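So the structure is just underneath, and the comments pick up after that.
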Amino acid sequence: MVKITKQKKLTGKTQKVVPNQEIRLKEKRTAEETKSADKAKQKKPHFENVDAPPMEIEYKLNDLPSAQHKAGLAGLKLMVDWLERSQEEKGLCEIKNISNNSLILSLTKPGLTALLNEVYDATQDETVSEKPYEYKEGKNVLKLPFNTENGYKLKINTAELVDNSAFITVLLKYDTLPPFLKKAVVSEESIGETVRYEFYLQKSKIKDLEKYLTQFADLECKNEFTLPRLPIRTVEERDENGKPVLNYIYHGMNPKGAFLTESSPSDAKQLWVKLWRNMMWATIHPKKRDEKQSPWGKRSRNEDIQIEEEWQKLSSTLTETVALGRTRMQFLGVEDKNAEMVQFKDQNRTNFLLHFWRFIAQVYAPFTIKIEHDKDAGYKKESKPAGFVIAIPEITDLKYFCEKFPIFMTNRSVEAAGYRPRDSCILLPAEGPLESLNRMRMIVGERDDFFSMISGMEVYHLEKQGKSIRNRGNFRVFPDSAVLNEYAFVKKRFWDDLFRKQVTENILYRKRWESDFVSLFLKFPYQYFLNGNQPDESPSFSKSHFPHDAKEFFLIKEQTMKDENRNFTTETLVYDMIRSYISSKLETKYELSWETVKDDPEKKKKYQETKHDIALKTFLALRSRSGQDFVSYFSGTICSTPQYLDEHGRFLEISKALYEETEKIRTLSMLALSALSYQYESQKKAS
C-alpha cells in the first residue's frame with residue numbers, strides 16, 4: 001500500500017499532512033471564514049439604520065432619585081430647544097410632550113449625536129488666568145551648565161517657552177556675544193564688570209547657547225531650568241479696591257456652554273459663562289482639559305461624539321443599571337460603595353440625564369477674608385478665593401421651571417468685581433442658593449407658583465487642592481419668605497463683608513442679628529471695628545465699613561421700635577446708655593460738647609479724636625471682660641455717668657437683661673461703641 005503525503009507551509013515550516021487531516025483543516029478554515037464574515041456583517045457603519053423608528057423615552061419627575069437628575073431633565077428640555085433653534089438638519093431629537101411632572105423624548109441616533117455634540121461642544125479660544133501656567137513635571141526642562149566662578153550666571157525669567165522660543169537672561173563677564181545671540185538681544189545693562197543680557201531665543205538655538213556657555217564652565221556642574229508656558233499677552237486690570245491686577249491670557253480649550261452663551265445678552269465679557277467654564281475645569285472635570293480623546297477634545301476638532309454606548313443604555317430595559325462610581329464626576333457627592341460595601345447604582349435611562357444638570361446649576365465664587373494687624377494702617381485686609389459653590393435646584397414643576405429659567409438667566413446682573421460677576425462673589429456658601437432663590441422669587445412673584453416650582457436648593461462647595469478635588473461641604477437650603485426678605489434687606493443696607501457675613505449666618509440659623517459678634521471682636525484687630533477717619537463715598541473692600549454697618553444696625557432697630565409703637569428696645573436702650581456715657585466723659589473731663597465745637601474745624605477735629613479715644617479704651621475694656629467681670633464693669637463704669645432710666649421701666653429692663661442676657665448686652669455695647677466711632681454726618685455724602 002502506497003502512502004500519499006503532501007507538504008504545506010505552516011508558520012515557515014514543512015509539515016506532512018494526510019488526506020483526512022487536510023479535509024479537517026479545510027472544514028476548520030471554512031468555519032473560521034464563515035465566522036469572520038458574520039462578524040463583518042455585524043459591524044455596521046455608524047447611523048446605517050437611519051430610517052429606523054425613533055426611540056421614545058418617558059421621564060417622570062417624581063421617579064427621579066436626586067436633585068441632579070431633576071435638574072438634568074430640565075437641562076435636557078432646554079438643550080433640545082436650543083437644537084431646534086439652530087437651522088441645521090441634525091436628525092430627530094424633540095420633546096413630544098411636557099407637563100408639570102413628566103416629559104417624553106423622541107430621538108434617533110443622529111439626533112442623539114447632535115444632542116451630545118452640543119453638550120460637549122468646545123472651542124480653542126482665549127483663557128484668562130490669575131497666575132502663569134507651568135508645564136508638567138519632567139517635561140520641557142532645559143539643562144544648562146551653571147557656574148559663577150567661570151564667568152557667567154544664567155537665569156530664565158518667568159516665562160517662557162512657546163512658539164519654540166524662550167525668554168532668557170544671562171549675566172556675563174564678557175562683552176562679546178556670538179552672532180546668533182546678538183540678533184536676539186532685547187536689552188543689555190552693564191553691572192560692574194559684567195553685562196546683563198536679555199534675549200528672546202528660538203528653541204533651535206538653545207543648543208548653540210549651551211555650547212557657547214559650556215566653553216566657560218565646568219561640564220559636571222549643571223542645573224535644570226523649567227520653562228513655564230508663555231501667555232499670548234498680559235492684561236492689567238483694576239480690582240474692586242482699585243489695585244492693579246495682572247491677568248495672563250492663554251490659548252486653551254473651553255466648553256461652549258450651549259444656551260448659556262445667550263443667557264446674558266447684555267454681558268459683553270460673558271462673565272457668568274467664564275465663571276461656569278472655570279468651575280467645569282477646576283472641579284467637575286479637572287483632567288478633561290488636556291485629554292485629546294475627551295469629549296471636549298473631539299468636539300474642539302469638529303469630531304462627532306461616539307454615542308453607541310449611550311444608545312445601548314437608552315435602549316436597555318428599566319432593570320439594567322450602571323455603577324455610579326464610574327460617573328462620579330457627573331454625579332456630585334457619590335461614592336463607589338457605602339460603608340456596608342454595597343455598590344451605588346443607577347438606571348441606565350436616568351443616568352443619561354446627568355449629562356445636562358450642569359447647565360441648570362448656578363455657580364458662585366466664595367472667598368475668605370483675612371484681616372491681620374498692620375503697624376502703619378492698623379489692619380490689613382485680604383481676600384482669597386475658596387473654590388466654587390454649585391447650587392442645584394430641586395425642581396417640582398418641570399414645565400413652569402423651563403418657562404421661567406431663561407428669564408432668570410437673562411436678568412442676572414453683569415456688574416463686574418474684578419474678573420467675576422459681583423453677584424457671584426459670596427462669603428458664605430449658603431449665600432449662593434439664597435441669591436438664586438431670591439432672584440427667582442423676584443421673577444415669579446410672591447405667589448404659590450414659586451414654592452410649587454422649587455422645593456429647595458442642593459449645594460456643593462468644591463475646591464481644588466493640589467491634584468485632588470475637596471468637597472468642603474454639601475447641604476440643602478429651603479425657600480422661606482422670611483429668610484429671603486431678611487437676606488435681601490441685609491444685602492442692600494450693609495456694606496462691610498464681615499458684618500454682612502455674620503448677620504446672614506445668624507439669619508440662616510434663626511438667631512438674633514447681633515449673635516456671635518463677640519467672636520469677631522476677639523479674632524480680628526480692634527482697629528477694624530473702630531474707624532476714626534471719614535468713610536469713603538462708596539464701599540471699598542480694603543476699607544472697613546464695620547462702624548457704618550453698626551450704625552445702620554441701631555437705626556434699623558430704632559425704626560422697628562417706632563413701627564411697633566414701643567418706647568424702647570434692649571438694643572436702643574444700650575445704644576443710648578453708651579452714647580450718654582461718652583458725651584458725659586467729653587463734657588466733664590475734657591470740656592467738649594458738640595454744640596460748642598461744630599462751627600470750629602480745629603475744635604471739631606479735637607472733639608472727634610477725643611471721642612474716638614474714649615470709645616477705643618472702653619471697647620478694649622469690654623472685650624477683655626466677660627461674665628460677672630463685665631457686669632461689674634458695666635454697672636460701675638457705664639452707669640457711673642447720669643443715665644435717664646426712670647421712664648417706662650428702662651431701669652428694670654436693663655437690670656434684668658444685664659444678669660439674664662449678659663453676653664447680649666456685652667455684644668450690643670461693643671457694637672454701639674463701633675457705631676459711635678463712625679462719623680455719621682458724612683453719611684449723606686456716601687449716600
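We label chains A, B, ... in the order they appear in the C-alpha cells, count residues from 1 in each chain, and number ligands from 1 in the order shown.
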
Range 630-634 of chain A surroundings by only C-alpha atoms, 8 Å radius, close-in-sequence under 4 positions cut, as a PyMOL selection string
chain A and resi 622+625-626+638-639+658-659+662+666

Show me, as a ChimeraX atom specification, the residues that have an atom within 9 Å of range 585-598 of chain A when counting only C-alpha atoms, minus same-chain residues fewer than 6 positions from it.
/A:604-607,610-611,614,641

Please give the complete set of residues from range 274-494 of chain A that DSSP, run on the backbone, assigns to strand (DSSP E or B), formatted as a count of residues only.
65

Within 12 Å of range 406-410 of chain A, counting only C-alpha atoms, which residues show up once you throw out same-chain ones fewer than 6 positions away? Write them as a ChimeraX atom specification, please.
/A:74-75,77-79,81-82,259-267,270,272-273,359-363,400,435-444

I'd like the neighbourhood of Glu308 in chain A as a PyMOL selection string, where a residue qualifies if any of its atoms comes within 10 Å (using only C-alpha atoms), though same-chain residues fewer than 2 positions away should be ignored.
chain A and resi 46-47+109+112-113+305-306+310-314

Using N, CA and C atoms, can you export the residues from the last selection as a compact mmCIF listing (two decimals), in the first residue's frame?
```
# COMPACT_ATOMS: atom_id res chain seq x y z
N HIS A 46 -21.65 53.61 11.22
CA HIS A 46 -22.34 54.49 12.15
C HIS A 46 -23.58 55.08 11.47
N PHE A 47 -24.75 54.97 12.14
CA PHE A 47 -26.01 55.51 11.64
C PHE A 47 -26.45 54.86 10.33
N LYS A 109 -30.60 57.98 16.37
CA LYS A 109 -29.16 58.03 16.60
C LYS A 109 -28.54 59.34 16.12
N LEU A 112 -29.37 61.89 18.69
CA LEU A 112 -28.59 61.75 19.92
C LEU A 112 -27.18 62.28 19.73
N THR A 113 -26.60 62.01 18.55
CA THR A 113 -25.27 62.55 18.27
C THR A 113 -25.27 64.07 18.29
N ILE A 305 -19.34 62.98 18.68
CA ILE A 305 -19.27 62.17 19.89
C ILE A 305 -19.74 60.75 19.56
N GLN A 306 -19.01 59.75 20.03
CA GLN A 306 -19.42 58.36 19.82
C GLN A 306 -20.55 58.02 20.79
N GLU A 310 -24.08 55.08 24.76
CA GLU A 310 -25.25 55.76 25.28
C GLU A 310 -26.53 55.24 24.65
N TRP A 311 -26.48 54.94 23.37
CA TRP A 311 -27.67 54.42 22.69
C TRP A 311 -28.08 53.06 23.25
N GLN A 312 -27.09 52.23 23.53
CA GLN A 312 -27.39 50.93 24.12
C GLN A 312 -27.99 51.08 25.51
N LYS A 313 -27.49 52.05 26.27
CA LYS A 313 -28.05 52.29 27.60
C LYS A 313 -29.51 52.73 27.50
N LEU A 314 -29.79 53.64 26.58
CA LEU A 314 -31.15 54.13 26.43
C LEU A 314 -32.09 53.05 25.90
```

Could you check the closest approach to Leu103 in chain A for each of A:Glu237, A:Glu458, A:Asp304, A:Asp63 and tell me which residue wins, using only C-alpha atoms?
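Closest residue, counting only C-alpha atoms: A:Asp63.
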